[in-house]
Amino acid sequence: MAYKRKTYDVYEVVYDYGYGDGPDVLTRCTTLREAKEDCKAYIENERICPTIRKRRYPIHDSNA
C-alpha cells in the first residue's frame with residue numbers, strides 16, 4: 001500500500017503593520033520559491049520586510 005499524503009503545504013507571506021490586529025497575510029503560495037520571490041518584491045517595492053510562514057492544511061478526500 002502506497003503512502004497517501006493527508007496534508008498539503010501552503011507558504012504565507014505575512015507582515016505585521018502594527019495596528020494591534022496581528023500579522024496580515026499578504027499572499028499565499030504553493031511553493032517556497034514563489035513565496036521568496038513575493039517576499040523580495042515586497043521588500044523592493046513597499047520597503048517592508050515580511051516573513052514566510054509554512055502552514056499545512058488537510059486534504060479532504062471526496063471518495064471517503
# chains A, B, ... in the order shown; residues from 1 in each chain; ligands from 1

$ residues_around --residues "Thr7 of chain A" --least-positions-apart "3" --cutoff "7 Å" --atoms "only C-alpha atoms" --output "JSON, numbers by chain"
{"A": [56, 57, 58, 59]}

$ select_by_dssp --residues "chain A" --states "strand (DSSP E)" --output "ChimeraX atom specification"
/A:7-15,24-29,51-58

$ residues_around --residues "segment 28-32 of chain A" --least-positions-apart "6" --cutoff "7 Å" --atoms "only C-alpha atoms" --output "PyMOL selection string"
chain A and resi 9-13

$ write_last_selection --atoms "N, CA and C atoms" --output "PDB file, in the first residue's frame"
ATOM      1  N   ASP A   9       1.009  21.665   1.745  1.00  0.00           N
ATOM      2  CA  ASP A   9       1.731  22.797   2.295  1.00  0.00           C
ATOM      3  C   ASP A   9       1.347  24.076   1.568  1.00  0.00           C
ATOM      4  N   VAL A  10       1.213  25.145   2.349  1.00  0.00           N
ATOM      5  CA  VAL A  10       0.970  26.479   1.807  1.00  0.00           C
ATOM      6  C   VAL A  10       1.933  27.420   2.508  1.00  0.00           C
ATOM      7  N   TYR A  11       2.619  28.242   1.731  1.00  0.00           N
ATOM      8  CA  TYR A  11       3.542  29.228   2.285  1.00  0.00           C
ATOM      9  C   TYR A  11       2.866  30.589   2.249  1.00  0.00           C
ATOM     10  N   GLU A  12       2.757  31.210   3.416  1.00  0.00           N
ATOM     11  CA  GLU A  12       2.102  32.510   3.537  1.00  0.00           C
ATOM     12  C   GLU A  12       3.158  33.585   3.765  1.00  0.00           C
ATOM     13  N   VAL A  13       3.052  34.675   3.019  1.00  0.00           N
ATOM     14  CA  VAL A  13       3.899  35.836   3.241  1.00  0.00           C
ATOM     15  C   VAL A  13       3.108  36.760   4.154  1.00  0.00           C
TER      16      VAL A  13
END

$ select_by_dssp --residues "chain A" --states "alpha helix (DSSP H)" --output "VMD selection string"
chain A and resid 32 to 46

$ write_last_selection --atoms "all heavy atoms" --output "tab-separated table (two decimals), in the first residue's frame"
chain	number	residue	atom	x	y	z
A	32	LEU	N	7.86	27.28	-2.00
A	32	LEU	CA	8.72	28.18	-1.26
A	32	LEU	C	9.40	29.18	-2.19
A	32	LEU	O	9.61	30.34	-1.82
A	32	LEU	CB	9.77	27.38	-0.48
A	32	LEU	CG	10.72	28.15	0.42
A	32	LEU	CD1	9.94	28.95	1.46
A	32	LEU	CD2	11.70	27.22	1.08
A	33	ARG	N	9.70	28.77	-3.39
A	33	ARG	CA	10.33	29.67	-4.37
A	33	ARG	C	9.42	30.86	-4.69
A	33	ARG	O	9.87	32.00	-4.73
A	33	ARG	CB	10.67	28.92	-5.65
A	33	ARG	CG	11.25	29.81	-6.72
A	33	ARG	CD	11.62	29.04	-7.94
A	33	ARG	NE	12.91	28.43	-7.65
A	33	ARG	CZ	13.52	27.58	-8.47
A	33	ARG	NH1	12.96	27.24	-9.60
A	33	ARG	NH2	14.69	27.07	-8.17
A	34	GLU	N	8.13	30.59	-4.90
A	34	GLU	CA	7.18	31.68	-5.15
A	34	GLU	C	7.09	32.62	-3.96
A	34	GLU	O	7.03	33.84	-4.11
A	34	GLU	CB	5.78	31.12	-5.43
A	34	GLU	CG	5.61	30.43	-6.74
A	34	GLU	CD	4.21	29.85	-6.88
A	34	GLU	OE1	3.27	30.41	-6.29
A	34	GLU	OE2	4.07	28.84	-7.58
A	35	ALA	N	7.08	32.05	-2.76
A	35	ALA	CA	6.99	32.86	-1.55
A	35	ALA	C	8.21	33.75	-1.40
A	35	ALA	O	8.09	34.93	-1.02
A	35	ALA	CB	6.82	31.96	-0.33
A	36	LYS	N	9.39	33.22	-1.69
A	36	LYS	CA	10.61	34.03	-1.61
A	36	LYS	C	10.60	35.16	-2.63
A	36	LYS	O	11.04	36.28	-2.35
A	36	LYS	CB	11.85	33.15	-1.79
A	36	LYS	CG	12.15	32.29	-0.60
A	36	LYS	CD	13.41	31.48	-0.82
A	36	LYS	CE	13.73	30.63	0.39
A	36	LYS	NZ	14.97	29.85	0.19
A	37	GLU	N	10.10	34.88	-3.85
A	37	GLU	CA	10.01	35.92	-4.87
A	37	GLU	C	9.03	37.02	-4.46
A	37	GLU	O	9.31	38.21	-4.65
A	37	GLU	CB	9.59	35.30	-6.20
A	37	GLU	CG	10.66	34.43	-6.83
A	37	GLU	CD	10.16	33.69	-8.06
A	37	GLU	OE1	8.96	33.83	-8.42
A	37	GLU	OE2	10.96	32.96	-8.66
A	38	ASP	N	7.89	36.63	-3.89
A	38	ASP	CA	6.93	37.62	-3.43
A	38	ASP	C	7.49	38.45	-2.28
A	38	ASP	O	7.29	39.66	-2.21
A	38	ASP	CB	5.62	36.95	-2.99
A	38	ASP	CG	4.81	36.44	-4.15
A	38	ASP	OD1	5.14	36.78	-5.31
A	38	ASP	OD2	3.82	35.70	-3.92
A	39	CYS	N	8.20	37.79	-1.37
A	39	CYS	CA	8.81	38.49	-0.24
A	39	CYS	C	9.83	39.52	-0.75
A	39	CYS	O	9.87	40.65	-0.27
A	39	CYS	CB	9.47	37.48	0.68
A	39	CYS	SG	10.03	38.15	2.23
A	40	LYS	N	10.63	39.12	-1.72
A	40	LYS	CA	11.62	40.02	-2.30
A	40	LYS	C	10.94	41.21	-2.99
A	40	LYS	O	11.41	42.35	-2.88
A	40	LYS	CB	12.48	39.26	-3.30
A	40	LYS	CG	13.59	40.07	-3.89
A	40	LYS	CD	14.43	39.23	-4.84
A	40	LYS	CE	15.50	40.08	-5.49
A	40	LYS	NZ	16.29	39.32	-6.47
A	41	ALA	N	9.82	40.97	-3.66
A	41	ALA	CA	9.09	42.04	-4.32
A	41	ALA	C	8.53	43.04	-3.31
A	41	ALA	O	8.58	44.25	-3.54
A	41	ALA	CB	7.96	41.47	-5.17
A	42	TYR	N	8.02	42.55	-2.18
A	42	TYR	CA	7.53	43.45	-1.14
A	42	TYR	C	8.66	44.28	-0.55
A	42	TYR	O	8.49	45.46	-0.24
A	42	TYR	CB	6.82	42.67	-0.02
A	42	TYR	CG	5.37	42.39	-0.33
A	42	TYR	CD1	4.95	41.12	-0.71
A	42	TYR	CD2	4.42	43.39	-0.24
A	42	TYR	CE1	3.63	40.86	-0.99
A	42	TYR	CE2	3.09	43.13	-0.52
A	42	TYR	CZ	2.71	41.87	-0.90
A	42	TYR	OH	1.40	41.63	-1.19
A	43	ILE	N	9.84	43.68	-0.39
A	43	ILE	CA	10.99	44.42	0.15
A	43	ILE	C	11.39	45.53	-0.82
A	43	ILE	O	11.65	46.67	-0.41
A	43	ILE	CB	12.16	43.46	0.42
A	43	ILE	CG1	11.83	42.54	1.59
A	43	ILE	CG2	13.44	44.23	0.71
A	43	ILE	CD1	12.82	41.42	1.80
A	44	GLU	N	11.42	45.23	-2.12
A	44	GLU	CA	11.85	46.21	-3.11
A	44	GLU	C	10.82	47.30	-3.35
A	44	GLU	O	11.16	48.47	-3.49
A	44	GLU	CB	12.16	45.51	-4.43
A	44	GLU	CG	13.37	44.62	-4.38
A	44	GLU	CD	13.57	43.82	-5.65
A	44	GLU	OE1	12.69	43.87	-6.54
A	44	GLU	OE2	14.60	43.14	-5.75
A	45	ASN	N	9.54	46.94	-3.38
A	45	ASN	CA	8.51	47.90	-3.77
A	45	ASN	C	7.90	48.68	-2.61
A	45	ASN	O	7.67	49.88	-2.72
A	45	ASN	CB	7.39	47.19	-4.54
A	45	ASN	CG	7.89	46.60	-5.84
A	45	ASN	OD1	8.78	47.14	-6.47
A	45	ASN	ND2	7.33	45.47	-6.22
A	46	GLU	N	7.61	48.00	-1.50
A	46	GLU	CA	6.94	48.66	-0.39
A	46	GLU	C	7.85	48.97	0.79
A	46	GLU	O	7.41	49.56	1.77
A	46	GLU	CB	5.75	47.80	0.09
A	46	GLU	CG	4.67	47.69	-0.94
A	46	GLU	CD	3.40	47.11	-0.35
A	46	GLU	OE1	3.24	47.15	0.88
A	46	GLU	OE2	2.58	46.61	-1.12

$ closest_residue --among "A:Arg47, A:Arg53, A:His60, A:Lys6" --to "Asp24 of chain A" --atoms "only C-alpha atoms"
A:Arg53

$ closest_residue --among "A:Ala2, A:Tyr8, A:Leu26, A:Tyr19" --to "Ile48 of chain A" --atoms "only C-alpha atoms"
A:Leu26

$ atom_distance --atom1 "atom CA of Val25 of chain A" --atom2 "atom CA of Ser62 of chain A"
28.3 Å

$ atom_distance --atom1 "atom CA of Tyr3 of chain A" --atom2 "atom CA of Lys54 of chain A"
22.0 Å

$ closest_residue --among "A:Met1, A:Thr27, A:Val14, A:Asp21" --to "Ile52 of chain A" --atoms "only C-alpha atoms"
A:Val14

$ decode --residues "segment 8-24 of chain A" --atoms "C-alpha atoms" --output "PDB file, in the first residue's frame"
ATOM      1  CA  TYR A   8      -0.713  19.966   1.662  1.00  0.00           C
ATOM      2  CA  ASP A   9       1.731  22.797   2.295  1.00  0.00           C
ATOM      3  CA  VAL A  10       0.970  26.479   1.807  1.00  0.00           C
ATOM      4  CA  TYR A  11       3.542  29.228   2.285  1.00  0.00           C
ATOM      5  CA  GLU A  12       2.102  32.510   3.537  1.00  0.00           C
ATOM      6  CA  VAL A  13       3.899  35.836   3.241  1.00  0.00           C
ATOM      7  CA  VAL A  14       2.873  37.749   6.382  1.00  0.00           C
ATOM      8  CA  TYR A  15       3.621  41.201   7.811  1.00  0.00           C
ATOM      9  CA  ASP A  16       2.515  42.950  10.990  1.00  0.00           C
ATOM     10  CA  TYR A  17       1.714  46.596  10.265  1.00  0.00           C
ATOM     11  CA  GLY A  18       1.471  47.363  13.994  1.00  0.00           C
ATOM     12  CA  TYR A  19      -2.200  48.327  14.272  1.00  0.00           C
ATOM     13  CA  GLY A  20      -2.902  45.760  17.006  1.00  0.00           C
ATOM     14  CA  ASP A  21      -4.639  43.260  14.725  1.00  0.00           C
ATOM     15  CA  GLY A  22      -1.688  40.890  14.453  1.00  0.00           C
ATOM     16  CA  PRO A  23       0.075  39.817  11.276  1.00  0.00           C
ATOM     17  CA  ASP A  24      -1.745  40.167   7.961  1.00  0.00           C
TER      18      ASP A  24
END
